[in-house]
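Data block below; observations after.
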There are 2 protein chains.
Amino acid sequence: MNAEIITVGTEILLGEIVDTSSPFIARRLANLGIDVYFEDTVGDNYDRLESTISLAESRSDLVVLTGGLGPTEDDITKISLAQHLGLDLEIDKKALKKINDFYATYALGKPSNADMMAKYIEGAEILPNEKGFAVGMFLKTDACDYLVLPGPPVEMQYMFTNFAMPKLARLTSGSSLIDSRVLRFFGIGETELEKDLKELIDNQTNPTLATYAKRNEVTLRITASGETKSEIKELIDNMEKRVLAIIGQYFYGYGDNNSLEEVVVNLLKNKELSITAAESLTSGMFQSRIGNVSGASEVFPGGFVTYSADAKEQLLNIPTEIIKKYGVVSSETAEYMARNSKDKMKTDIGVSFTGVAGPDSLEGHPAGFFWVGLALPNGQVITKSVNFAKARNEVRDYATKTGFKLIYDNLK
Amino acid sequence: MNAEIITVGTEILLGEIVDTSSPFIARRLANLGIDVYFEDTVGDNYDRLESTISLAESRSDLVVLTGGLGPTEDDITKISLAQHLGLDLEIDKKALKKINDFYATYALGKPSNADMMAKYIEGAEILPNEKGFAVGMFLKTDACDYLVLPGPPVEMQYMFTNFAMPKLARLTSGSSLIDSRVLRFFGIGETELEKDLKELIDNQTNPTLATYAKRNEVTLRITASGETKSEIKELIDNMEKRVLAIIGQYFYGYGDNNSLEEVVVNLLKNKELSITAAESLTSGMFQSRIGNVSGASEVFPGGFVTYSADAKEQLLNIPTEIIKKYGVVSSETAEYMARNSKDKMKTDIGVSFTGVAGPDSLEGHPAGFFWVGLALPNGQVITKSVNFAKARNEVRDYATKTGFKLIYDNLK
């Protein structure tokens, strides 16, 4: 089965928006074993949209259309497709009621074209929009199958994952259900991870495995199909076990929308442990990421940015002779920073970062070399050095994540 | 004149890469008055690439091809286009020498297809690649004009800006030179900016104006064409003056790759002023952004993250009665935080942030409400409140930028 993705929207052709929907859809189609041969972007123009649809149905088994389902006169996707197919539009009463209820209290009134969001092409299966108003559709024709999705990523992604994926899984594998689980890894690159899992990846059938590189992280999506939820869960559980037996040391959590800071802050909340930090190299990035997580104040009272050697001495009472003897970029300084920040803030845990962001070297250490310190509730202090020879802000990001991973490994 | 952008690469169709090249090119074509009607992505496959080229030349005046110019067997763009046009490939000796010189010392040896990077289609104008090896091309045919560019964004963007833009400018405006300048604004939204500049935008001919929304910022690109550099500079200078006469209060700097933190850190360096911060709401984000800038240690010794009320009292000696009387989210607390951090760190400037990140309200203030404090070298302390009702991390980003802008406005 091969597919084509058509994105509709003049704002994309003007370069005002980066199309992130096509890669989102393409990745998941690849996961289902569906080959994407073409992606097209076309503006809000009847003739050009129709010619694109015509071409797509002549060469593709599945045509995915996203965008142009909204409430303005520019939103022409449904009407163009219906005209092209010689079919009528019908109205989904449930979606219409939702639209009318919303606009009844809307200050600007109901847009003239709003009802279009509730319309679908006769014979199509309606895909409900749980995050917005415009319904999606799945439609089988003699030429090809059409999947029509809204443009806003939040709506499209939810609809695709929850309604379109199971449908496509049935079409491709014959199984009626599909599910996937995302595992997150830090401290291993995508290439290395694929090498470590080579045997599993080369022999994958059901479940399938797909890796995806994030910023200094890698995720692995395990996708399985089957007849029942419990059958799928067992398939995924077994594969997860086999994966973690090989690369478990780099694992820290689940989900596409997760992060090290979220995992760690929630871990601290569950264990009722408080945390502080003393940051040199990272200059506040670690504490800022803690603040990213809603409710972080439960475990984080505050901390220190000690960029200069003076600040380390003054704010954290690190003895001058320690810095003189070992240097600011040293296990000893990292240890003092972690312990003294913990003592000063009376928290259960203290974390420290000191190193060379670059581009210049420091104290004989190359750019990218850093120490992370971790003072634990029992008084023990662990330090760890890493050499990550990348650009300045990648080093800072990597150091920040190394700190979170060190906490995760020691407290999980 | 209308254009079509074809992106070549199977990795895009697999969703492994987000295509940022098409929006980059599309924005600049829009700026030149060239309408992009279609964008296509096709994999590394001769038949499908050729059919896409055929269709594009039948409906577009300008066809921009990016990607597939590299040294592997998958890189088929030039050979496909040459075959389609019935033309031969010739070799650019200068590019070939550069390739041979590089691979002479390359541990893995020279890839078998490497010479393809030096090839061009007979009759085409060569666009040199200053950031890589694969040459680009500009080729006029009876059907359309072809612009062929490498895939890696660094190479493509440099080649497009420096070699393709002037060429396209000549084609569209008849002028031989084109240049543009990007102005950066904070504190005004894109819609509001366009409203304020409506008269200038509606009547634009040369220079043209194009706005672009960034995260909580807006940029404005002024593009002018003319016969000489000084003529263009004068056109842009005059337009900049007219723009700044209207919205100068939001302006802070120039360039596509600039930022508030870079402008402010460089301003502080030039004035030899040091800075510290006390962050509650932003939890280290302001100091982390300072650390983004290479050489920040010249002006920034370190500072405080005071997330809890206790930390504000303990680390900054803010009197308990001030916090009790006015609350942590108050002008008074912001003032104490800024002044006391400055005194403690013995810097010239102290900045403070206190507010409600959300989702919950605090002390009767809604999520998104915050105070920024600025202690100046002369002892004066300024405070400013903002109500920015967006999601948690947008509020924190906006507050951080408000701090930088406040410094810029008071020190520039």
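Every chain in the structure tokens takes a letter, A first, then B, and so on in the order presented; its residues are numbered from 1, and the ligands are numbered from 1 following the presented order.
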Exercise answer, chain B residues close to chain A, 6 Å and only C-alpha atoms, as a PyMOL selection string: chain B and resi 13-15+23+26-27+36+38-42+283-285+287-288+291+301-308
Segment 263-342 of chain B: residues DSSP assigns to strand (DSSP E or B), reported as an NGL selection string: :B and (275-279 or 302-306)
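Here atom CA of Ser60 of chain A stands at a distance of 29.2 Å from atom CA of Asp256 of chain A.
Atom CA of Asn410 of chain B to atom CA of Lys195 of chain B spans 26.9 Å [interatomic distance, one decimal].
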Secondary structure check, alpha helix (DSSP H) residues of segment 143-195 of chain A, as a PyMOL selection string: chain A and resi 153-159+165-173+190-195
Excluding Leu197 of chain A and its own-chain neighbours fewer than 3 positions away, which residues fall within 12 Å of it when counting only C-alpha atoms? Please give them as a PDB file with N, CA and C atoms, in the first residue's frame.
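Saved file selection05.pdb follows:
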ATOM      1  N   GLU A 190      21.249   7.788  18.383  1.00  0.00           N
ATOM      2  CA  GLU A 190      20.325   6.983  17.587  1.00  0.00           C
ATOM      3  C   GLU A 190      21.061   5.842  16.865  1.00  0.00           C
ATOM      4  N   THR A 191      22.237   6.167  16.294  1.00  0.00           N
ATOM      5  CA  THR A 191      22.996   5.160  15.549  1.00  0.00           C
ATOM      6  C   THR A 191      23.432   4.015  16.462  1.00  0.00           C
ATOM      7  N   GLU A 192      23.940   4.383  17.652  1.00  0.00           N
ATOM      8  CA  GLU A 192      24.396   3.385  18.616  1.00  0.00           C
ATOM      9  C   GLU A 192      23.229   2.523  19.091  1.00  0.00           C
ATOM     10  N   LEU A 193      22.087   3.172  19.333  1.00  0.00           N
ATOM     11  CA  LEU A 193      20.895   2.438  19.781  1.00  0.00           C
ATOM     12  C   LEU A 193      20.462   1.435  18.717  1.00  0.00           C
ATOM     13  N   GLU A 194      20.465   1.873  17.460  1.00  0.00           N
ATOM     14  CA  GLU A 194      20.068   0.967  16.371  1.00  0.00           C
ATOM     15  C   GLU A 194      21.059  -0.190  16.239  1.00  0.00           C
ATOM     16  N   LEU A 200      16.932  -7.193  16.933  1.00  0.00           N
ATOM     17  CA  LEU A 200      15.489  -6.979  17.111  1.00  0.00           C
ATOM     18  C   LEU A 200      14.902  -6.208  15.929  1.00  0.00           C
ATOM     19  N   ILE A 201      15.633  -5.199  15.463  1.00  0.00           N
ATOM     20  CA  ILE A 201      15.121  -4.354  14.366  1.00  0.00           C
ATOM     21  C   ILE A 201      15.090  -5.142  13.059  1.00  0.00           C
ATOM     22  N   ASP A 202      16.153  -5.932  12.810  1.00  0.00           N
ATOM     23  CA  ASP A 202      16.203  -6.682  11.549  1.00  0.00           C
ATOM     24  C   ASP A 202      15.106  -7.738  11.467  1.00  0.00           C
ATOM     25  N   ASN A 203      14.699  -8.276  12.620  1.00  0.00           N
ATOM     26  CA  ASN A 203      13.722  -9.362  12.616  1.00  0.00           C
ATOM     27  C   ASN A 203      12.317  -8.915  13.006  1.00  0.00           C
ATOM     28  N   GLN A 204      12.073  -7.592  13.019  1.00  0.00           N
ATOM     29  CA  GLN A 204      10.782  -7.109  13.483  1.00  0.00           C
ATOM     30  C   GLN A 204       9.667  -7.486  12.501  1.00  0.00           C
ATOM     31  N   LEU A 209       9.467  -1.734  15.368  1.00  0.00           N
ATOM     32  CA  LEU A 209      10.259  -0.789  16.155  1.00  0.00           C
ATOM     33  C   LEU A 209      10.653   0.390  15.275  1.00  0.00           C
ATOM     34  N   ALA A 210      10.509   1.600  15.792  1.00  0.00           N
ATOM     35  CA  ALA A 210      10.950   2.777  15.040  1.00  0.00           C
ATOM     36  C   ALA A 210      11.659   3.729  15.976  1.00  0.00           C
ATOM     37  N   THR A 211      12.877   4.122  15.600  1.00  0.00           N
ATOM     38  CA  THR A 211      13.617   5.058  16.447  1.00  0.00           C
ATOM     39  C   THR A 211      13.417   6.470  15.921  1.00  0.00           C
ATOM     40  N   LEU A 220      12.073   5.381  21.128  1.00  0.00           N
ATOM     41  CA  LEU A 220      11.826   4.142  20.396  1.00  0.00           C
ATOM     42  C   LEU A 220      10.329   3.846  20.496  1.00  0.00           C
ATOM     43  N   MET A 239       8.263  -7.129  24.105  1.00  0.00           N
ATOM     44  CA  MET A 239       9.289  -6.424  23.329  1.00  0.00           C
ATOM     45  C   MET A 239      10.014  -5.410  24.197  1.00  0.00           C
ATOM     46  N   GLU A 240       9.267  -4.699  25.047  1.00  0.00           N
ATOM     47  CA  GLU A 240       9.904  -3.725  25.947  1.00  0.00           C
ATOM     48  C   GLU A 240      10.946  -4.418  26.827  1.00  0.00           C
ATOM     49  N   ARG A 242      12.661  -7.111  26.182  1.00  0.00           N
ATOM     50  CA  ARG A 242      13.830  -7.486  25.379  1.00  0.00           C
ATOM     51  C   ARG A 242      14.692  -6.250  25.083  1.00  0.00           C
ATOM     52  N   VAL A 243      14.023  -5.123  24.817  1.00  0.00           N
ATOM     53  CA  VAL A 243      14.756  -3.874  24.550  1.00  0.00           C
ATOM     54  C   VAL A 243      15.516  -3.432  25.800  1.00  0.00           C
ATOM     55  N   LEU A 244      14.812  -3.427  26.940  1.00  0.00           N
ATOM     56  CA  LEU A 244      15.440  -2.913  28.166  1.00  0.00           C
ATOM     57  C   LEU A 244      16.537  -3.834  28.686  1.00  0.00           C
ATOM     58  N   ALA A 245      16.454  -5.113  28.338  1.00  0.00           N
ATOM     59  CA  ALA A 245      17.538  -6.026  28.708  1.00  0.00           C
ATOM     60  C   ALA A 245      18.837  -5.608  28.022  1.00  0.00           C
ATOM     61  N   ILE A 246      18.731  -4.947  26.889  1.00  0.00           N
ATOM     62  CA  ILE A 246      19.926  -4.531  26.137  1.00  0.00           C
ATOM     63  C   ILE A 246      20.351  -3.098  26.480  1.00  0.00           C
ATOM     64  N   ILE A 247      19.389  -2.165  26.491  1.00  0.00           N
ATOM     65  CA  ILE A 247      19.755  -0.745  26.658  1.00  0.00           C
ATOM     66  C   ILE A 247      19.017  -0.083  27.824  1.00  0.00           C
ATOM     67  N   GLY A 248      18.639  -0.913  28.808  1.00  0.00           N
ATOM     68  CA  GLY A 248      17.872  -0.393  29.947  1.00  0.00           C
ATOM     69  C   GLY A 248      18.570   0.718  30.715  1.00  0.00           C
TER      70      GLY A 248
END
